[in-house]
>>> print(open('query_14.cif').read())   # mmCIF, C-alpha atoms
data_entry
#
loop_
_atom_site.group_PDB
_atom_site.id
_atom_site.type_symbol
_atom_site.label_atom_id
_atom_site.label_comp_id
_atom_site.auth_asym_id
_atom_site.auth_seq_id
_atom_site.Cartn_x
_atom_site.Cartn_y
_atom_site.Cartn_z
ATOM 1 C CA MET A 1 -8.691 15.212 -4.725
ATOM 2 C CA ALA A 2 -5.122 16.438 -5.156
ATOM 3 C CA PRO A 3 -2.793 13.528 -4.313
ATOM 4 C CA VAL A 4 0.373 14.005 -2.330
ATOM 5 C CA ALA A 5 3.330 13.455 -4.662
ATOM 6 C CA PHE A 6 5.546 10.445 -4.012
ATOM 7 C CA GLY A 7 8.689 12.354 -4.839
ATOM 8 C CA GLY A 8 7.773 14.901 -7.461
ATOM 9 C CA SER A 9 9.403 13.061 -10.346
ATOM 10 C CA ALA A 10 7.896 12.694 -13.808
ATOM 11 C CA GLU A 11 7.754 8.937 -13.217
ATOM 12 C CA ALA A 12 5.687 9.442 -10.055
ATOM 13 C CA SER A 13 3.291 11.752 -11.906
ATOM 14 C CA PHE A 14 2.921 9.195 -14.672
ATOM 15 C CA LEU A 15 2.248 6.447 -12.117
ATOM 16 C CA LEU A 16 -0.469 8.522 -10.459
ATOM 17 C CA SER A 17 -2.095 9.210 -13.825
ATOM 18 C CA VAL A 18 -2.153 5.441 -14.440
ATOM 19 C CA PHE A 19 -3.781 4.883 -11.033
ATOM 20 C CA GLU A 20 -6.548 7.300 -11.993
ATOM 21 C CA GLU A 21 -7.409 5.186 -15.043
ATOM 22 C CA LEU A 22 -7.615 1.890 -13.163
ATOM 23 C CA PRO A 23 -11.058 0.301 -12.713
ATOM 24 C CA VAL A 24 -10.123 -0.696 -9.147
ATOM 25 C CA GLY A 25 -9.925 1.556 -6.123
ATOM 26 C CA VAL A 26 -6.385 2.414 -5.009
ATOM 27 C CA TRP A 27 -5.581 3.955 -1.635
ATOM 28 C CA VAL A 28 -2.127 4.640 -0.166
ATOM 29 C CA GLY A 29 -1.593 5.332 3.522
ATOM 30 C CA ARG A 30 1.458 6.109 5.637
ATOM 31 C CA ALA A 31 2.660 3.426 7.996
ATOM 32 C CA PRO A 32 1.978 3.113 10.814
ATOM 33 C CA SER A 33 -0.339 6.142 11.227
ATOM 34 C CA GLY A 34 -2.749 5.323 8.390
ATOM 35 C CA GLU A 35 -2.662 8.928 7.194
ATOM 36 C CA ARG A 36 -3.996 9.025 3.647
ATOM 37 C CA VAL A 37 -1.425 9.871 1.004
ATOM 38 C CA TYR A 38 -3.469 9.090 -2.099
ATOM 39 C CA GLY A 39 -6.806 7.743 -3.272
ATOM 40 C CA ASN A 40 -7.931 7.435 -6.876
ATOM 41 C CA GLY A 41 -11.343 8.192 -8.373
ATOM 42 C CA ALA A 42 -12.430 4.566 -8.368
ATOM 43 C CA PHE A 43 -11.711 4.413 -4.633
ATOM 44 C CA GLU A 44 -13.916 7.466 -4.043
ATOM 45 C CA LYS A 45 -16.677 5.940 -6.150
ATOM 46 C CA ILE A 46 -16.605 2.633 -4.252
ATOM 47 C CA LEU A 47 -16.759 4.308 -0.840
ATOM 48 C CA GLY A 48 -19.422 6.840 -1.794
ATOM 49 C CA ALA A 49 -19.863 10.600 -1.520
ATOM 50 C CA ALA A 50 -18.404 10.919 2.001
ATOM 51 C CA SER A 51 -15.359 8.842 1.148
ATOM 52 C CA TRP A 52 -12.813 10.939 3.012
ATOM 53 C CA VAL A 53 -14.701 10.959 6.296
ATOM 54 C CA GLU A 54 -13.079 8.519 8.705
ATOM 55 C CA PRO A 55 -14.791 5.092 8.751
ATOM 56 C CA GLY A 56 -17.620 5.042 11.275
ATOM 57 C CA GLY A 57 -17.653 8.826 11.699
ATOM 58 C CA ASP A 58 -20.762 10.965 11.279
ATOM 59 C CA GLY A 59 -21.812 10.716 7.662
ATOM 60 C CA GLY A 60 -18.999 8.313 6.893
ATOM 61 C CA TYR A 61 -18.885 4.763 5.622
ATOM 62 C CA ARG A 62 -18.575 1.648 7.782
ATOM 63 C CA PHE A 63 -16.901 -1.703 7.232
ATOM 64 C CA GLU A 64 -19.219 -4.647 7.842
ATOM 65 C CA ASP A 65 -19.433 -8.388 7.353
ATOM 66 C CA HIS A 66 -22.154 -10.165 5.335
ATOM 67 C CA ASP A 67 -24.613 -9.987 8.216
ATOM 68 C CA GLY A 68 -24.176 -6.255 8.831
ATOM 69 C CA ARG A 69 -21.983 -6.633 11.906
ATOM 70 C CA PRO A 70 -19.156 -4.082 12.288
ATOM 71 C CA PHE A 71 -15.884 -5.386 10.886
ATOM 72 C CA SER A 72 -12.981 -5.130 13.323
ATOM 73 C CA ALA A 73 -10.429 -2.491 12.270
ATOM 74 C CA GLY A 74 -7.681 -4.843 13.422
ATOM 75 C CA CYS A 75 -8.701 -7.335 10.735
ATOM 76 C CA LEU A 76 -8.687 -4.879 7.830
ATOM 77 C CA PRO A 77 -5.872 -5.210 5.257
ATOM 78 C CA PHE A 78 -4.022 -2.100 6.501
ATOM 79 C CA ALA A 79 -3.760 -3.462 10.058
ATOM 80 C CA GLN A 80 -2.852 -6.937 8.807
ATOM 81 C CA VAL A 81 -0.043 -5.559 6.630
ATOM 82 C CA LEU A 82 1.346 -3.572 9.574
ATOM 83 C CA ARG A 83 1.320 -6.673 11.776
ATOM 84 C CA ARG A 84 2.683 -9.163 9.262
ATOM 85 C CA ARG A 85 4.801 -6.844 7.110
ATOM 86 C CA ALA A 86 3.410 -8.828 4.194
ATOM 87 C CA ALA A 87 0.460 -8.732 1.801
ATOM 88 C CA ALA A 88 -3.049 -9.321 3.155
ATOM 89 C CA THR A 89 -6.303 -10.156 1.396
ATOM 90 C CA LEU A 90 -9.975 -10.004 2.329
ATOM 91 C CA ASP A 91 -12.125 -11.923 -0.126
ATOM 92 C CA ASP A 92 -15.381 -10.205 0.734
ATOM 93 C CA LEU A 93 -15.638 -7.051 2.818
ATOM 94 C CA VAL A 94 -18.824 -4.977 2.889
ATOM 95 C CA ILE A 95 -18.711 -1.189 2.803
ATOM 96 C CA ALA A 96 -21.873 0.396 4.211
ATOM 97 C CA ARG A 97 -22.181 3.796 2.547
ATOM 98 C CA PRO A 98 -23.756 6.883 4.111
ATOM 99 C CA ASP A 99 -26.697 6.595 1.693
ATOM 100 C CA GLY A 100 -27.546 3.113 2.986
ATOM 101 C CA THR A 101 -26.218 1.120 0.031
ATOM 102 C CA ARG A 102 -23.822 -1.746 0.665
ATOM 103 C CA VAL A 103 -20.861 -2.542 -1.594
ATOM 104 C CA HIS A 104 -19.060 -5.871 -1.504
ATOM 105 C CA VAL A 105 -15.347 -5.533 -2.232
ATOM 106 C CA HIS A 106 -12.326 -7.746 -2.645
ATOM 107 C CA ALA A 107 -9.576 -5.931 -0.724
ATOM 108 C CA VAL A 108 -5.817 -6.432 -0.986
ATOM 109 C CA GLY A 109 -3.146 -4.703 1.078
ATOM 110 C CA GLU A 110 0.491 -4.510 -0.042
ATOM 111 C CA PRO A 111 3.434 -3.152 1.985
ATOM 112 C CA LEU A 112 5.867 -0.601 0.511
ATOM 113 C CA PHE A 113 9.324 -0.596 2.076
ATOM 114 C CA ASP A 114 12.082 1.997 1.749
ATOM 115 C CA ALA A 115 15.680 1.140 0.788
ATOM 116 C CA GLY A 116 16.482 0.421 4.446
ATOM 117 C CA GLY A 117 13.694 -2.121 4.806
ATOM 118 C CA GLU A 118 11.361 0.138 6.807
ATOM 119 C CA LEU A 119 7.656 -0.161 6.105
ATOM 120 C CA ARG A 120 6.702 3.331 4.914
ATOM 121 C CA HIS A 121 3.378 2.960 3.097
ATOM 122 C CA VAL A 122 0.559 0.479 2.592
ATOM 123 C CA VAL A 123 -1.289 0.255 -0.723
ATOM 124 C CA ILE A 124 -4.880 -0.954 -0.555
ATOM 125 C CA THR A 125 -6.771 -1.986 -3.681
ATOM 126 C CA LEU A 126 -10.539 -2.467 -3.684
ATOM 127 C CA ARG A 127 -12.436 -4.294 -6.420
ATOM 128 C CA ASP A 128 -16.223 -3.948 -6.425
ATOM 129 C CA ILE A 129 -17.693 -7.478 -6.490
ATOM 130 C CA THR A 130 -21.272 -6.489 -5.621
ATOM 131 C CA ALA A 131 -22.665 -7.702 -8.962
ATOM 132 C CA GLU A 132 -20.897 -11.051 -8.562
ATOM 133 C CA ARG A 133 -22.307 -11.513 -5.061
ATOM 134 C CA ARG A 134 -25.796 -10.543 -6.280
ATOM 135 C CA SER A 135 -25.554 -13.096 -9.110
ATOM 136 C CA GLU A 136 -24.445 -15.795 -6.672
ATOM 137 C CA ALA A 137 -27.352 -15.001 -4.349
ATOM 138 C CA GLU A 138 -29.807 -15.079 -7.258
ATOM 139 C CA ALA A 139 -28.382 -18.425 -8.405
ATOM 140 C CA ILE A 140 -28.889 -19.871 -4.907
ATOM 141 C CA VAL A 141 -32.524 -18.695 -4.912
ATOM 142 C CA ALA A 142 -33.054 -20.117 -8.420
ATOM 143 C CA ARG A 143 -31.572 -23.481 -7.388
ATOM 144 C CA HIS A 144 -33.810 -23.536 -4.320
ATOM 145 C CA LYS A 145 -36.915 -22.816 -6.411
ATOM 146 C CA LEU A 146 -35.941 -25.527 -8.889
ATOM 147 C CA ARG A 147 -35.409 -27.977 -6.031
ATOM 148 C CA VAL A 148 -38.864 -27.166 -4.597
ATOM 149 C CA ALA A 149 -40.433 -27.620 -8.042
ATOM 150 C CA LEU A 150 -38.666 -30.919 -8.641
ATOM 151 C CA ASP A 151 -39.563 -32.226 -5.201
ATOM 152 C CA HIS A 152 -43.264 -31.347 -5.452
ATOM 153 C CA ALA A 153 -44.381 -30.997 -9.073
ATOM 154 C CA PRO A 154 -45.396 -34.172 -10.974
ATOM 155 C CA ILE A 155 -42.483 -33.848 -13.393
ATOM 156 C CA ILE A 156 -39.410 -35.880 -14.268
ATOM 157 C CA LEU A 157 -36.083 -34.355 -15.235
ATOM 158 C CA PHE A 158 -33.661 -36.715 -16.999
ATOM 159 C CA ALA A 159 -30.220 -36.152 -18.471
ATOM 160 C CA THR A 160 -28.027 -38.830 -19.996
ATOM 161 C CA GLU A 161 -24.636 -39.269 -21.553
ATOM 162 C CA PRO A 162 -24.600 -40.189 -25.281
ATOM 163 C CA ASP A 163 -24.217 -43.851 -24.311
ATOM 164 C CA GLY A 164 -27.416 -43.734 -22.246
ATOM 165 C CA THR A 165 -25.860 -43.433 -18.771
ATOM 166 C CA ILE A 166 -28.197 -41.390 -16.577
ATOM 167 C CA THR A 167 -26.530 -38.328 -15.042
ATOM 168 C CA VAL A 168 -29.678 -36.591 -13.734
ATOM 169 C CA SER A 169 -32.823 -38.258 -12.452
ATOM 170 C CA GLU A 170 -34.983 -35.840 -10.477
ATOM 171 C CA GLY A 171 -38.593 -34.948 -9.839
ATOM 172 C CA ALA A 172 -41.643 -35.999 -7.876
ATOM 173 C CA GLY A 173 -42.976 -37.668 -11.043
ATOM 174 C CA LEU A 174 -40.430 -40.456 -10.569
ATOM 175 C CA ALA A 175 -42.663 -41.833 -7.814
ATOM 176 C CA SER A 176 -45.082 -42.985 -10.532
ATOM 177 C CA LEU A 177 -42.228 -45.156 -11.849
ATOM 178 C CA GLY A 178 -41.553 -46.531 -8.389
ATOM 179 C CA VAL A 179 -38.179 -44.794 -7.904
ATOM 180 C CA ALA A 180 -36.912 -41.843 -5.883
ATOM 181 C CA SER A 181 -35.066 -38.741 -7.089
ATOM 182 C CA GLY A 182 -31.463 -39.579 -7.907
ATOM 183 C CA GLN A 183 -31.992 -43.325 -7.667
ATOM 184 C CA LEU A 184 -31.388 -43.992 -11.369
ATOM 185 C CA VAL A 185 -28.178 -41.951 -11.672
ATOM 186 C CA GLY A 186 -25.372 -44.128 -13.008
ATOM 187 C CA GLN A 187 -27.690 -46.677 -14.591
ATOM 188 C CA ASN A 188 -28.187 -46.956 -18.340
ATOM 189 C CA VAL A 189 -31.554 -45.824 -19.691
ATOM 190 C CA LEU A 190 -31.238 -48.123 -22.719
ATOM 191 C CA GLU A 191 -30.860 -51.086 -20.373
ATOM 192 C CA ILE A 192 -33.619 -50.018 -17.985
ATOM 193 C CA TYR A 193 -36.110 -49.489 -20.818
ATOM 194 C CA LYS A 194 -34.856 -52.075 -23.277
ATOM 195 C CA ASP A 195 -38.415 -53.424 -23.607
ATOM 196 C CA ASN A 196 -39.663 -49.981 -24.717
ATOM 197 C CA PRO A 197 -38.103 -49.311 -28.125
ATOM 198 C CA ARG A 198 -39.945 -45.986 -28.527
ATOM 199 C CA LEU A 199 -38.379 -44.631 -25.351
ATOM 200 C CA ALA A 200 -34.946 -45.931 -26.368
ATOM 201 C CA ALA A 201 -35.329 -44.258 -29.751
#
>>> encode(input="query_14.cif", output="structure tokens")
Amino acid sequence: MAPVAFGGSAEASFLLSVFEELPVGVWVGRAPSGERVYGNGAFEKILGAASWVEPGGDGGYRFEDHDGRPFSAGCLPFAQVLRRRAAATLDDLVIARPDGTRVHVHAVGEPLFDAGGELRHVVITLRDITAERRSEAEAIVARHKLRVALDHAPIILFATEPDGTITVSEGAGLASLGVASGQLVGQNVLEIYKDNPRLAA
């Protein structure tokens, strides 16, 4: 896309070339209309092939929450910046692309004022955090599976400090010792099993 120049100066051209190299999406819109002034390649990539179609339009992208519900336009960073005349952040916004994929982004809106203090533009940056969210979801599933295994398999999982203080005491196998999961945490294994030198060793 050919960006609209911010003033035609060499400095502005240099700034735009820097924006194109950034790994985050950058979008600039006029205030208060929201008319697009600029969007870099990373922004296009994050939004998908139909990136310049208005959100929610035919073939366009949509803003959603985690559960797939439409995200209110009034809560997006652009609208928040217009209202507050200050920066606004959304920690996790979902962009539903025309092809059905969903991209989680961290979005930040920043106001740009002219010399007279009038809000002229809003800069939105989008950082793709889909991989981070996927890793977090996978970690939750892994923890759940481990919890199920510990609660039902006849195993014991122990961890201790170098001095013998128990920091982890989990597993259904603990029942054979007459204790419940977590019950031994904080106690000293060398004291508990002082009559079993092999275990202490």
>>> atom_distance(input="query_14.cif", atom1="atom CA of A:Val123", atom2="atom CA of A:Glu64")
20.5 Å
>>> atom_distance(input="query_14.cif", atom1="atom CA of A:Leu90", atom2="atom CA of A:Ala107")
5.1 Å
>>> closest_residue(input="query_14.cif", among="A:Arg147, A:Glu110, A:Leu82, A:Gly48", to="A:Pro98", atoms="only C-alpha atoms")
A:Gly48
>>> resolve_selection(input="query_14.cif", expression="the PyMOL selection byres ((chain A and resi 128) around 8)", output="ChimeraX atom specification")
/A:24,46,103-106,126-127,129-131
>>> write_last_selection(input="query_14.cif", atoms="C-alpha atoms", output="PDB file, in the coordinates of the input")
ATOM      1  CA  VAL A  24     -10.123  -0.696  -9.147  1.00  0.00           C
ATOM      2  CA  ILE A  46     -16.605   2.633  -4.252  1.00  0.00           C
ATOM      3  CA  VAL A 103     -20.861  -2.542  -1.594  1.00  0.00           C
ATOM      4  CA  HIS A 104     -19.060  -5.871  -1.504  1.00  0.00           C
ATOM      5  CA  VAL A 105     -15.347  -5.533  -2.232  1.00  0.00           C
ATOM      6  CA  HIS A 106     -12.326  -7.746  -2.645  1.00  0.00           C
ATOM      7  CA  LEU A 126     -10.539  -2.467  -3.684  1.00  0.00           C
ATOM      8  CA  ARG A 127     -12.436  -4.294  -6.420  1.00  0.00           C
ATOM      9  CA  ILE A 129     -17.693  -7.478  -6.490  1.00  0.00           C
ATOM     10  CA  THR A 130     -21.272  -6.489  -5.621  1.00  0.00           C
ATOM     11  CA  ALA A 131     -22.665  -7.702  -8.962  1.00  0.00           C
TER      12      ALA A 131
END
>>> closest_residue(input="query_14.cif", among="A:Arg69, A:Arg62, A:Arg102, A:Arg120", to="A:Arg30", atoms="only C-alpha atoms")
A:Arg120
>>> resolve_selection(input="query_14.cif", expression="the PyMOL selection byres ((chain A and resi 179-187) around 8)", output="list in words")
Thr165, Ile166, Thr167, Val168, Ser169, Glu170, Gly171, Ala172, Leu174, Ala175, Ser176, Leu177, Gly178, Asn188, Val189, Glu191 and Ile192 of chain A
